[in-house]
Amino acid sequence: MKKTTLLLGFVATMGISSLVAQNFGEHSVAISIPEIAILDIESSTSSSDVTFDLNANNLEAGEEFTISETNSNLWINYTSVVQNGLSSRNVTVELDDDNFIAGMVLKVVAASQSGTGQGDHGTATSVVTPTILPQNLITDIGSAFTGNGASNGHKLTYSLDFTGNFEDLNVEDAAMNFTMKYTITD
């Protein structure tokens, strides 16, 4: 009788444990977030080009022709996800050619981030005079996004000034075209 009771007890326990073991399943879930560094230039007008169309329409005979122009139509938008939250990125600016008329100075400054973005947008530097070497325009960007389109991100203000000798100005050298390159770097 003891053997039968023990056998029935063993079968009942195995049957119950089999029922319990079959009422759930499990698996692992892996999540991988990639590093992201995307940048583009957006315009509040129909063109992403900056044009300084200088003219002398209001100039009177004998007055100095002055060059002091600004343009604030462009915005830098970016999305950045950095590794482990320990690294940061910068946005640099450079020109493809810096052969200006002596005394002609092109500068750019980025405003602090505005618009719909979130995250660690870093710090806009002071005014930069771009050259053929990359220079920091925005530093210490962490994981952030600026929002997309004009009125989101960092508004760019370009200024063109002439502080040189007036005799250096001439029409042949005045038609200058340059490419400004912005890069988000680690």
# chains A, B, ... in the order shown; residues from 1 in each chain; ligands from 1
>>> residues_around(residues="A:Leu54", least_positions_apart="6", cutoff="10 Å", atoms="only C-alpha atoms", output="list in words")
Phe65, Thr66, Ile67, Ser68, Glu69 and Ala174 of chain A
>>> select_by_dssp(residues="chain A", states="helix (DSSP H, G or I)", output="list in words")
Lys2, Lys3, Thr4, Thr5, Leu6, Leu7, Leu8, Gly9, Phe10, Val11, Ala12, Thr13, Met14, Gly15, Ile16, Ser17, Ser18, Leu19, Val20, Ala21, Phe166, Glu167, Asp168, Val171, Glu172, Asp173 and Ala174 of chain A
>>> atom_distance(atom1="atom CA of A:Leu106", atom2="atom CA of A:Pro130")
7.2 Å
>>> closest_atom_pairs(of="stretch 42-137 of chain A", to="stretch 153-172 of chain A", cutoff="7 Å", atoms="only C-alpha atoms", output="tab-separated table")
residue	atom	partner	partner_atom	distance
A:Ile67	CA	A:Asp161	CA	5.2
A:Ser68	CA	A:Asp161	CA	4.5
A:Glu69	CA	A:Leu160	CA	5.2
A:Thr70	CA	A:Ser159	CA	4.3
A:Asn71	CA	A:Tyr158	CA	5.1
A:Ser72	CA	A:Thr157	CA	4.4
A:Leu74	CA	A:Leu156	CA	5.5
A:Trp75	CA	A:Lys155	CA	4.4
A:Ile76	CA	A:His154	CA	5.2
A:Asn77	CA	A:Gly153	CA	5.0
A:Ala102	CA	A:Gly164	CA	6.1
A:Gly103	CA	A:Gly164	CA	3.7
A:Met104	CA	A:Phe162	CA	4.5
A:Val105	CA	A:Asp161	CA	5.3
A:Leu106	CA	A:Leu160	CA	4.7
A:Lys107	CA	A:Ser159	CA	5.2
A:Val108	CA	A:Tyr158	CA	4.4
A:Val109	CA	A:Thr157	CA	5.4
A:Ala110	CA	A:Leu156	CA	4.6
A:Ala111	CA	A:His154	CA	5.3
A:Ser112	CA	A:His154	CA	5.7
A:Gln113	CA	A:His154	CA	4.7
A:Ser114	CA	A:Gly153	CA	5.4
A:Gly115	CA	A:Gly153	CA	6.3
>>> select_by_dssp(residues="chain A", states="strand (DSSP E)", output="PDB file with N, CA and C atoms, in the first residue's frame")
ATOM      1  N   ILE A  36      23.924  58.390 -34.043  1.00  0.00           N
ATOM      2  CA  ILE A  36      23.344  59.157 -35.141  1.00  0.00           C
ATOM      3  C   ILE A  36      24.011  60.520 -35.189  1.00  0.00           C
ATOM      4  N   ALA A  37      24.364  60.953 -36.389  1.00  0.00           N
ATOM      5  CA  ALA A  37      24.910  62.294 -36.603  1.00  0.00           C
ATOM      6  C   ALA A  37      24.466  62.757 -37.987  1.00  0.00           C
ATOM      7  N   ILE A  38      23.356  63.499 -38.040  1.00  0.00           N
ATOM      8  CA  ILE A  38      22.790  63.973 -39.301  1.00  0.00           C
ATOM      9  C   ILE A  38      22.635  65.483 -39.215  1.00  0.00           C
ATOM     10  N   LEU A  39      23.014  66.186 -40.279  1.00  0.00           N
ATOM     11  CA  LEU A  39      22.932  67.647 -40.315  1.00  0.00           C
ATOM     12  C   LEU A  39      22.438  68.096 -41.678  1.00  0.00           C
ATOM     13  N   ASP A  40      21.616  69.142 -41.695  1.00  0.00           N
ATOM     14  CA  ASP A  40      21.282  69.798 -42.956  1.00  0.00           C
ATOM     15  C   ASP A  40      21.039  71.277 -42.722  1.00  0.00           C
ATOM     16  N   ILE A  41      20.967  71.997 -43.828  1.00  0.00           N
ATOM     17  CA  ILE A  41      20.742  73.442 -43.813  1.00  0.00           C
ATOM     18  C   ILE A  41      19.346  73.696 -44.373  1.00  0.00           C
ATOM     19  N   GLU A  42      18.561  74.463 -43.643  1.00  0.00           N
ATOM     20  CA  GLU A  42      17.202  74.814 -44.057  1.00  0.00           C
ATOM     21  C   GLU A  42      17.123  76.320 -44.270  1.00  0.00           C
ATOM     22  N   SER A  43      16.239  76.743 -45.157  1.00  0.00           N
ATOM     23  CA  SER A  43      16.118  78.157 -45.482  1.00  0.00           C
ATOM     24  C   SER A  43      14.717  78.672 -45.183  1.00  0.00           C
ATOM     25  N   SER A  68      28.496  96.617 -45.836  1.00  0.00           N
ATOM     26  CA  SER A  68      28.168  96.141 -44.494  1.00  0.00           C
ATOM     27  C   SER A  68      26.796  95.486 -44.600  1.00  0.00           C
ATOM     28  N   GLU A  69      26.790  94.203 -44.948  1.00  0.00           N
ATOM     29  CA  GLU A  69      25.559  93.472 -45.251  1.00  0.00           C
ATOM     30  C   GLU A  69      25.400  92.291 -44.302  1.00  0.00           C
ATOM     31  N   THR A  70      24.149  91.895 -44.066  1.00  0.00           N
ATOM     32  CA  THR A  70      23.870  90.691 -43.272  1.00  0.00           C
ATOM     33  C   THR A  70      22.798  89.852 -43.965  1.00  0.00           C
ATOM     34  N   ASN A  71      22.775  88.566 -43.618  1.00  0.00           N
ATOM     35  CA  ASN A  71      21.766  87.637 -44.115  1.00  0.00           C
ATOM     36  C   ASN A  71      21.492  86.622 -43.011  1.00  0.00           C
ATOM     37  N   SER A  72      20.225  86.468 -42.648  1.00  0.00           N
ATOM     38  CA  SER A  72      19.831  85.535 -41.579  1.00  0.00           C
ATOM     39  C   SER A  72      18.729  84.588 -42.047  1.00  0.00           C
ATOM     40  N   ASN A  73      18.840  84.074 -43.262  1.00  0.00           N
ATOM     41  CA  ASN A  73      17.797  83.213 -43.828  1.00  0.00           C
ATOM     42  C   ASN A  73      17.990  81.724 -43.568  1.00  0.00           C
ATOM     43  N   LEU A  74      19.170  81.313 -43.087  1.00  0.00           N
ATOM     44  CA  LEU A  74      19.452  79.881 -42.986  1.00  0.00           C
ATOM     45  C   LEU A  74      19.470  79.394 -41.544  1.00  0.00           C
ATOM     46  N   TRP A  75      19.156  78.093 -41.402  1.00  0.00           N
ATOM     47  CA  TRP A  75      19.114  77.420 -40.109  1.00  0.00           C
ATOM     48  C   TRP A  75      19.859  76.096 -40.220  1.00  0.00           C
ATOM     49  N   ILE A  76      20.608  75.737 -39.179  1.00  0.00           N
ATOM     50  CA  ILE A  76      21.214  74.405 -39.086  1.00  0.00           C
ATOM     51  C   ILE A  76      20.264  73.516 -38.293  1.00  0.00           C
ATOM     52  N   ASN A  77      19.893  72.371 -38.886  1.00  0.00           N
ATOM     53  CA  ASN A  77      19.107  71.334 -38.209  1.00  0.00           C
ATOM     54  C   ASN A  77      19.993  70.103 -38.054  1.00  0.00           C
ATOM     55  N   TYR A  78      19.882  69.422 -36.918  1.00  0.00           N
ATOM     56  CA  TYR A  78      20.625  68.177 -36.750  1.00  0.00           C
ATOM     57  C   TYR A  78      19.926  67.245 -35.796  1.00  0.00           C
ATOM     58  N   THR A  79      20.294  65.966 -35.915  1.00  0.00           N
ATOM     59  CA  THR A  79      19.907  64.933 -34.967  1.00  0.00           C
ATOM     60  C   THR A  79      21.197  64.245 -34.545  1.00  0.00           C
ATOM     61  N   SER A  80      21.372  64.078 -33.241  1.00  0.00           N
ATOM     62  CA  SER A  80      22.595  63.480 -32.713  1.00  0.00           C
ATOM     63  C   SER A  80      22.244  62.538 -31.568  1.00  0.00           C
ATOM     64  N   VAL A  81      22.744  61.310 -31.650  1.00  0.00           N
ATOM     65  CA  VAL A  81      22.693  60.380 -30.525  1.00  0.00           C
ATOM     66  C   VAL A  81      24.130  59.946 -30.302  1.00  0.00           C
ATOM     67  N   ARG A  89      29.613  66.131 -29.690  1.00  0.00           N
ATOM     68  CA  ARG A  89      29.919  66.468 -31.083  1.00  0.00           C
ATOM     69  C   ARG A  89      30.033  67.974 -31.230  1.00  0.00           C
ATOM     70  N   ASN A  90      30.619  68.380 -32.358  1.00  0.00           N
ATOM     71  CA  ASN A  90      30.724  69.789 -32.724  1.00  0.00           C
ATOM     72  C   ASN A  90      30.204  69.956 -34.142  1.00  0.00           C
ATOM     73  N   VAL A  91      29.741  71.152 -34.464  1.00  0.00           N
ATOM     74  CA  VAL A  91      29.455  71.518 -35.843  1.00  0.00           C
ATOM     75  C   VAL A  91      30.561  72.466 -36.262  1.00  0.00           C
ATOM     76  N   THR A  92      31.229  72.115 -37.362  1.00  0.00           N
ATOM     77  CA  THR A  92      32.298  72.961 -37.890  1.00  0.00           C
ATOM     78  C   THR A  92      31.848  73.621 -39.186  1.00  0.00           C
ATOM     79  N   VAL A  93      32.524  74.712 -39.520  1.00  0.00           N
ATOM     80  CA  VAL A  93      32.262  75.419 -40.775  1.00  0.00           C
ATOM     81  C   VAL A  93      33.600  75.665 -41.459  1.00  0.00           C
ATOM     82  N   GLU A  94      33.585  75.564 -42.797  1.00  0.00           N
ATOM     83  CA  GLU A  94      34.783  75.859 -43.580  1.00  0.00           C
ATOM     84  C   GLU A  94      34.378  76.332 -44.965  1.00  0.00           C
ATOM     85  N   LEU A  95      35.289  77.028 -45.626  1.00  0.00           N
ATOM     86  CA  LEU A  95      35.098  77.502 -46.995  1.00  0.00           C
ATOM     87  C   LEU A  95      35.887  76.630 -47.947  1.00  0.00           C
ATOM     88  N   MET A 104      37.998  92.451 -47.419  1.00  0.00           N
ATOM     89  CA  MET A 104      36.639  91.896 -47.447  1.00  0.00           C
ATOM     90  C   MET A 104      36.580  90.760 -46.427  1.00  0.00           C
ATOM     91  N   VAL A 105      35.610  90.819 -45.522  1.00  0.00           N
ATOM     92  CA  VAL A 105      35.526  89.846 -44.441  1.00  0.00           C
ATOM     93  C   VAL A 105      34.119  89.248 -44.398  1.00  0.00           C
ATOM     94  N   LEU A 106      34.047  87.921 -44.506  1.00  0.00           N
ATOM     95  CA  LEU A 106      32.793  87.177 -44.374  1.00  0.00           C
ATOM     96  C   LEU A 106      32.813  86.484 -43.019  1.00  0.00           C
ATOM     97  N   LYS A 107      31.743  86.668 -42.246  1.00  0.00           N
ATOM     98  CA  LYS A 107      31.641  86.046 -40.926  1.00  0.00           C
ATOM     99  C   LYS A 107      30.297  85.339 -40.803  1.00  0.00           C
ATOM    100  N   VAL A 108      30.241  84.378 -39.876  1.00  0.00           N
ATOM    101  CA  VAL A 108      28.990  83.676 -39.589  1.00  0.00           C
ATOM    102  C   VAL A 108      28.912  83.436 -38.083  1.00  0.00           C
ATOM    103  N   VAL A 109      27.701  83.519 -37.576  1.00  0.00           N
ATOM    104  CA  VAL A 109      27.455  83.206 -36.169  1.00  0.00           C
ATOM    105  C   VAL A 109      26.181  82.377 -36.085  1.00  0.00           C
ATOM    106  N   ALA A 110      26.188  81.389 -35.204  1.00  0.00           N
ATOM    107  CA  ALA A 110      25.002  80.555 -34.968  1.00  0.00           C
ATOM    108  C   ALA A 110      24.356  81.004 -33.667  1.00  0.00           C
ATOM    109  N   GLN A 118      14.712  68.952 -28.664  1.00  0.00           N
ATOM    110  CA  GLN A 118      14.980  68.575 -27.279  1.00  0.00           C
ATOM    111  C   GLN A 118      16.378  68.007 -27.170  1.00  0.00           C
ATOM    112  N   GLY A 119      16.894  67.982 -25.972  1.00  0.00           N
ATOM    113  CA  GLY A 119      18.177  67.344 -25.714  1.00  0.00           C
ATOM    114  C   GLY A 119      19.269  68.348 -25.408  1.00  0.00           C
ATOM    115  N   THR A 123      26.673  74.427 -27.294  1.00  0.00           N
ATOM    116  CA  THR A 123      26.861  75.869 -27.164  1.00  0.00           C
ATOM    117  C   THR A 123      27.279  76.467 -28.492  1.00  0.00           C
ATOM    118  N   ALA A 124      26.558  77.491 -28.919  1.00  0.00           N
ATOM    119  CA  ALA A 124      26.961  78.227 -30.120  1.00  0.00           C
ATOM    120  C   ALA A 124      28.153  79.102 -29.753  1.00  0.00           C
ATOM    121  N   GLN A 135      36.411  75.148 -38.559  1.00  0.00           N
ATOM    122  CA  GLN A 135      36.398  75.845 -37.274  1.00  0.00           C
ATOM    123  C   GLN A 135      35.095  75.528 -36.561  1.00  0.00           C
ATOM    124  N   ASN A 136      35.162  75.406 -35.242  1.00  0.00           N
ATOM    125  CA  ASN A 136      33.960  75.103 -34.462  1.00  0.00           C
ATOM    126  C   ASN A 136      32.979  76.261 -34.501  1.00  0.00           C
ATOM    127  N   LEU A 137      31.717  75.932 -34.784  1.00  0.00           N
ATOM    128  CA  LEU A 137      30.631  76.904 -34.762  1.00  0.00           C
ATOM    129  C   LEU A 137      29.679  76.604 -33.602  1.00  0.00           C
ATOM    130  N   ILE A 138      29.440  75.306 -33.334  1.00  0.00           N
ATOM    131  CA  ILE A 138      28.614  74.853 -32.214  1.00  0.00           C
ATOM    132  C   ILE A 138      29.389  73.717 -31.549  1.00  0.00           C
ATOM    133  N   THR A 139      29.537  73.766 -30.223  1.00  0.00           N
ATOM    134  CA  THR A 139      30.342  72.761 -29.520  1.00  0.00           C
ATOM    135  C   THR A 139      29.512  72.024 -28.469  1.00  0.00           C
ATOM    136  N   ASP A 140      30.027  70.869 -28.068  1.00  0.00           N
ATOM    137  CA  ASP A 140      29.477  70.078 -26.959  1.00  0.00           C
ATOM    138  C   ASP A 140      28.026  69.631 -27.167  1.00  0.00           C
ATOM    139  N   ILE A 141      27.704  69.177 -28.373  1.00  0.00           N
ATOM    140  CA  ILE A 141      26.376  68.650 -28.658  1.00  0.00           C
ATOM    141  C   ILE A 141      26.307  67.217 -28.137  1.00  0.00           C
ATOM    142  N   ALA A 144      20.586  64.919 -29.021  1.00  0.00           N
ATOM    143  CA  ALA A 144      19.636  66.017 -29.215  1.00  0.00           C
ATOM    144  C   ALA A 144      19.073  65.985 -30.625  1.00  0.00           C
ATOM    145  N   PHE A 145      17.937  66.656 -30.788  1.00  0.00           N
ATOM    146  CA  PHE A 145      17.420  66.954 -32.123  1.00  0.00           C
ATOM    147  C   PHE A 145      16.921  68.387 -32.094  1.00  0.00           C
ATOM    148  N   HIS A 154      19.554  76.094 -35.100  1.00  0.00           N
ATOM    149  CA  HIS A 154      20.410  77.250 -34.854  1.00  0.00           C
ATOM    150  C   HIS A 154      20.320  78.183 -36.057  1.00  0.00           C
ATOM    151  N   LYS A 155      19.819  79.383 -35.839  1.00  0.00           N
ATOM    152  CA  LYS A 155      19.723  80.377 -36.915  1.00  0.00           C
ATOM    153  C   LYS A 155      21.124  80.901 -37.216  1.00  0.00           C
ATOM    154  N   LEU A 156      21.463  80.942 -38.507  1.00  0.00           N
ATOM    155  CA  LEU A 156      22.766  81.434 -38.934  1.00  0.00           C
ATOM    156  C   LEU A 156      22.647  82.883 -39.406  1.00  0.00           C
ATOM    157  N   THR A 157      23.572  83.708 -38.981  1.00  0.00           N
ATOM    158  CA  THR A 157      23.637  85.084 -39.472  1.00  0.00           C
ATOM    159  C   THR A 157      25.000  85.293 -40.114  1.00  0.00           C
ATOM    160  N   TYR A 158      24.959  85.627 -41.389  1.00  0.00           N
ATOM    161  CA  TYR A 158      26.180  85.923 -42.152  1.00  0.00           C
ATOM    162  C   TYR A 158      26.347  87.433 -42.216  1.00  0.00           C
ATOM    163  N   SER A 159      27.578  87.884 -42.144  1.00  0.00           N
ATOM    164  CA  SER A 159      27.845  89.309 -42.346  1.00  0.00           C
ATOM    165  C   SER A 159      29.014  89.457 -43.305  1.00  0.00           C
ATOM    166  N   LEU A 160      28.904  90.458 -44.147  1.00  0.00           N
ATOM    167  CA  LEU A 160      29.950  90.782 -45.116  1.00  0.00           C
ATOM    168  C   LEU A 160      30.317  92.244 -44.908  1.00  0.00           C
ATOM    169  N   ASP A 161      31.567  92.477 -44.632  1.00  0.00           N
ATOM    170  CA  ASP A 161      32.056  93.834 -44.387  1.00  0.00           C
ATOM    171  C   ASP A 161      33.320  94.074 -45.189  1.00  0.00           C
ATOM    172  N   PHE A 162      33.528  95.343 -45.499  1.00  0.00           N
ATOM    173  CA  PHE A 162      34.771  95.750 -46.145  1.00  0.00           C
ATOM    174  C   PHE A 162      35.414  96.811 -45.280  1.00  0.00           C
ATOM    175  N   MET A 180      30.206  77.142 -48.535  1.00  0.00           N
ATOM    176  CA  MET A 180      30.356  76.965 -47.101  1.00  0.00           C
ATOM    177  C   MET A 180      29.965  75.523 -46.780  1.00  0.00           C
ATOM    178  N   LYS A 181      30.815  74.841 -46.045  1.00  0.00           N
ATOM    179  CA  LYS A 181      30.560  73.445 -45.701  1.00  0.00           C
ATOM    180  C   LYS A 181      30.413  73.331 -44.177  1.00  0.00           C
ATOM    181  N   TYR A 182      29.293  72.739 -43.737  1.00  0.00           N
ATOM    182  CA  TYR A 182      29.038  72.497 -42.327  1.00  0.00           C
ATOM    183  C   TYR A 182      29.104  70.993 -42.087  1.00  0.00           C
ATOM    184  N   THR A 183      29.787  70.585 -41.015  1.00  0.00           N
ATOM    185  CA  THR A 183      29.961  69.164 -40.704  1.00  0.00           C
ATOM    186  C   THR A 183      29.696  68.935 -39.226  1.00  0.00           C
ATOM    187  N   ILE A 184      28.937  67.882 -38.910  1.00  0.00           N
ATOM    188  CA  ILE A 184      28.789  67.488 -37.497  1.00  0.00           C
ATOM    189  C   ILE A 184      29.830  66.411 -37.236  1.00  0.00           C
ATOM    190  N   THR A 185      30.696  66.656 -36.266  1.00  0.00           N
ATOM    191  CA  THR A 185      31.857  65.794 -36.015  1.00  0.00           C
ATOM    192  C   THR A 185      31.813  65.218 -34.604  1.00  0.00           C
TER     193      THR A 185
END
>>> atom_distance(atom1="atom CA of A:Ala150", atom2="atom CA of A:Thr116")
11.0 Å
